[in-house]
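A short write-up of the structure that comes next.
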Amino acid sequence: MAVKIDSVLLDSLSAQAKVSERLRMNYDLRNSAEDTSQRMLNAIEPGSVVPVHRHRSTSETVVCLRGSFVEEFYSFAGEVEASFEVAAGGECCALNIPAGVWHTLRSLESGTVILEVKDGAYVPMGEEDVMKR
């Protein structure tokens with residue numbers, strides 16, 4: 001059955017994110033647990049803390065469906081190298097993040113929802129994939 005990604009789903013996901021301790025809520029778009037892709041909606045509210053991290057074996061594509069966020073890229077020394085504002089319907093509405101690049105994002109407005117897509121099956125990040133700051 002098709003999953004309709006509409007305002008009803010996005011509103012529900014954002015409402016759940018607002019009351020979540022992490023101020024984030026994911027919605028899995030895979031067909032099953034055996035699906036070897038990584039596709040999800042991620043509702044993220046301002047104030048949600050996403051640690052600086054990397055995905056060593058996969059690139060990541062983020063598409064802003066609603067709202068806006070800032071994506072920051074870091075050097076191995078922990079310094080910000082680049083920062084992009086990403087907004088639904090904006091000049092920049094999506095980014096592709098190469099494998100191994102340190103990054104984080106920060107929601108700029110309530111109701112922000114992004115589509116995240118990564119290569120291959122889910123592999124949990126290890127301690128070495130979260131930047132100590």
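Note on naming: chains are A, B, ... as they come in the structure tokens, residues start from 1 per chain, ligands start from 1 in the order shown.
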
request  = Name the residues in contact with Glu71 of chain A at a cut-off of 9 Å, using only C-alpha atoms, excluding same-chain residues fewer than 5 positions from it; report them as a VMD selection string.
outcome  = chain A and resid 82 to 86 95 103 to 107

Residues just named, written with N, CA, C and O atoms as an mmCIF file, in the first residue's frame:
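So the final result, stored in again_37.cif, reads:
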data_model
loop_
_atom_site.group_PDB
_atom_site.id
_atom_site.type_symbol
_atom_site.label_atom_id
_atom_site.label_comp_id
_atom_site.auth_asym_id
_atom_site.auth_seq_id
_atom_site.Cartn_x
_atom_site.Cartn_y
_atom_site.Cartn_z
ATOM 1 N N ALA A 82 31.580 24.868 6.694
ATOM 2 C CA ALA A 82 30.532 25.393 5.818
ATOM 3 C C ALA A 82 29.198 25.281 6.528
ATOM 4 O O ALA A 82 29.014 24.431 7.402
ATOM 5 N N SER A 83 28.282 26.141 6.134
ATOM 6 C CA SER A 83 26.951 26.159 6.719
ATOM 7 C C SER A 83 25.967 26.541 5.622
ATOM 8 O O SER A 83 26.220 27.485 4.870
ATOM 9 N N PHE A 84 24.862 25.808 5.529
ATOM 10 C CA PHE A 84 23.860 26.071 4.495
ATOM 11 C C PHE A 84 22.475 26.134 5.122
ATOM 12 O O PHE A 84 22.109 25.257 5.896
ATOM 13 N N GLU A 85 21.714 27.146 4.757
ATOM 14 C CA GLU A 85 20.309 27.190 5.161
ATOM 15 C C GLU A 85 19.515 26.455 4.096
ATOM 16 O O GLU A 85 19.665 26.711 2.899
ATOM 17 N N VAL A 86 18.690 25.533 4.545
ATOM 18 C CA VAL A 86 17.884 24.695 3.661
ATOM 19 C C VAL A 86 16.427 24.943 4.015
ATOM 20 O O VAL A 86 16.052 24.881 5.182
ATOM 21 N N LEU A 95 20.233 18.847 0.277
ATOM 22 C CA LEU A 95 21.686 18.683 0.257
ATOM 23 C C LEU A 95 22.018 17.207 0.161
ATOM 24 O O LEU A 95 21.282 16.364 0.677
ATOM 25 N N HIS A 103 28.920 16.379 10.280
ATOM 26 C CA HIS A 103 27.828 17.335 10.057
ATOM 27 C C HIS A 103 26.815 17.294 11.200
ATOM 28 O O HIS A 103 26.802 16.372 12.000
ATOM 29 N N THR A 104 25.981 18.310 11.224
ATOM 30 C CA THR A 104 24.839 18.370 12.128
ATOM 31 C C THR A 104 23.802 19.270 11.500
ATOM 32 O O THR A 104 24.079 19.943 10.498
ATOM 33 N N LEU A 105 22.614 19.292 12.072
ATOM 34 C CA LEU A 105 21.608 20.240 11.596
ATOM 35 C C LEU A 105 20.871 20.829 12.776
ATOM 36 O O LEU A 105 20.828 20.254 13.857
ATOM 37 N N ARG A 106 20.320 21.995 12.531
ATOM 38 C CA ARG A 106 19.578 22.736 13.551
ATOM 39 C C ARG A 106 18.308 23.270 12.916
ATOM 40 O O ARG A 106 18.347 23.982 11.917
ATOM 41 N N SER A 107 17.171 22.902 13.491
ATOM 42 C CA SER A 107 15.881 23.360 12.984
ATOM 43 C C SER A 107 15.730 24.857 13.251
ATOM 44 O O SER A 107 16.028 25.334 14.344
#

task = Run DSSP on the backbone and give me the residues of segment 2-123 of chain A it puts in helix (DSSP H, G or I), as an MDAnalysis selection string.
result = chainID A and resid 7:19

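Atom CA of Ser32 of chain A is positioned 29.0 Å from atom CA of Trp102 of chain A.
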
message = What's around segment 108-116 of chain A at 6 Å? Count only C-alpha atoms, leave out sequence neighbours fewer than 2 positions away in its own chain, and write the answer as a PyMOL selection string.
response = chain A and resi 14+39-46+61-69

Include N, CA, C and O atoms and write out the residues we just selected as an mmCIF file, in the first residue's frame.
data_model
loop_
_atom_site.group_PDB
_atom_site.id
_atom_site.type_symbol
_atom_site.label_atom_id
_atom_site.label_comp_id
_atom_site.auth_asym_id
_atom_site.auth_seq_id
_atom_site.Cartn_x
_atom_site.Cartn_y
_atom_site.Cartn_z
ATOM 1 N N SER A 14 4.886 16.250 13.236
ATOM 2 C CA SER A 14 5.352 17.457 13.930
ATOM 3 C C SER A 14 4.757 17.553 15.333
ATOM 4 O O SER A 14 5.452 17.939 16.284
ATOM 5 N N ARG A 39 15.209 5.154 4.438
ATOM 6 C CA ARG A 39 14.335 6.252 4.006
ATOM 7 C C ARG A 39 13.431 6.604 5.168
ATOM 8 O O ARG A 39 12.740 5.739 5.699
ATOM 9 N N MET A 40 13.453 7.874 5.556
ATOM 10 C CA MET A 40 12.574 8.266 6.657
ATOM 11 C C MET A 40 12.237 9.735 6.590
ATOM 12 O O MET A 40 12.960 10.540 6.003
ATOM 13 N N LEU A 41 11.099 10.048 7.197
ATOM 14 C CA LEU A 41 10.745 11.432 7.459
ATOM 15 C C LEU A 41 11.267 11.739 8.850
ATOM 16 O O LEU A 41 11.238 10.889 9.736
ATOM 17 N N ASN A 42 11.756 12.958 9.059
ATOM 18 C CA ASN A 42 12.261 13.357 10.361
ATOM 19 C C ASN A 42 11.691 14.731 10.680
ATOM 20 O O ASN A 42 12.057 15.723 10.046
ATOM 21 N N ALA A 43 10.762 14.789 11.627
ATOM 22 C CA ALA A 43 10.222 16.067 12.103
ATOM 23 C C ALA A 43 11.155 16.530 13.210
ATOM 24 O O ALA A 43 11.449 15.765 14.138
ATOM 25 N N ILE A 44 11.629 17.758 13.107
ATOM 26 C CA ILE A 44 12.604 18.258 14.072
ATOM 27 C C ILE A 44 12.259 19.684 14.468
ATOM 28 O O ILE A 44 12.063 20.545 13.605
ATOM 29 N N GLU A 45 12.146 19.887 15.756
ATOM 30 C CA GLU A 45 11.751 21.178 16.297
ATOM 31 C C GLU A 45 12.977 21.995 16.713
ATOM 32 O O GLU A 45 14.025 21.429 17.040
ATOM 33 N N PRO A 46 12.858 23.329 16.727
ATOM 34 C CA PRO A 46 13.948 24.156 17.249
ATOM 35 C C PRO A 46 14.285 23.721 18.674
ATOM 36 O O PRO A 46 13.404 23.369 19.453
ATOM 37 N N THR A 61 21.248 12.062 1.859
ATOM 38 C CA THR A 61 20.541 13.140 1.175
ATOM 39 C C THR A 61 19.420 13.609 2.082
ATOM 40 O O THR A 61 18.669 12.788 2.617
ATOM 41 N N VAL A 62 19.336 14.936 2.287
ATOM 42 C CA VAL A 62 18.279 15.525 3.100
ATOM 43 C C VAL A 62 17.499 16.505 2.235
ATOM 44 O O VAL A 62 18.076 17.341 1.554
ATOM 45 N N VAL A 63 16.184 16.368 2.254
ATOM 46 C CA VAL A 63 15.283 17.223 1.482
ATOM 47 C C VAL A 63 14.326 17.879 2.468
ATOM 48 O O VAL A 63 13.671 17.175 3.253
ATOM 49 N N CYS A 64 14.230 19.193 2.431
ATOM 50 C CA CYS A 64 13.341 19.903 3.341
ATOM 51 C C CYS A 64 11.933 19.923 2.747
ATOM 52 O O CYS A 64 11.689 20.540 1.703
ATOM 53 N N LEU A 65 11.006 19.230 3.383
ATOM 54 C CA LEU A 65 9.625 19.170 2.916
ATOM 55 C C LEU A 65 8.781 20.310 3.481
ATOM 56 O O LEU A 65 7.832 20.767 2.852
ATOM 57 N N ARG A 66 9.149 20.751 4.699
ATOM 58 C CA ARG A 66 8.383 21.797 5.378
ATOM 59 C C ARG A 66 9.333 22.511 6.334
ATOM 60 O O ARG A 66 10.149 21.882 6.988
ATOM 61 N N GLY A 67 9.225 23.831 6.422
ATOM 62 C CA GLY A 67 10.036 24.592 7.355
ATOM 63 C C GLY A 67 11.430 24.868 6.826
ATOM 64 O O GLY A 67 11.647 24.982 5.620
ATOM 65 N N SER A 68 12.395 24.952 7.756
ATOM 66 C CA SER A 68 13.779 25.235 7.366
ATOM 67 C C SER A 68 14.743 24.785 8.455
ATOM 68 O O SER A 68 14.370 24.642 9.621
ATOM 69 N N PHE A 69 15.987 24.571 8.046
ATOM 70 C CA PHE A 69 17.039 24.178 8.969
ATOM 71 C C PHE A 69 18.381 24.646 8.438
ATOM 72 O O PHE A 69 18.507 25.030 7.270
#

inquiry  = Between A:Glu34, A:Leu13, A:Arg22, A:Cys92, which residue has the minimum interatomic distance to Ala121 of chain A, considering only C-alpha atoms?
reply    = A:Glu34

inquiry  = For the structure I just gave you, how does DSSP split chain A - specifically, which residues are strand (DSSP E or B)? Reply as a ChimeraX atom specification.
reply    = /A:24-28,38-44,53,60-66,68-74,80-87,94-97,102-107,113-118,130
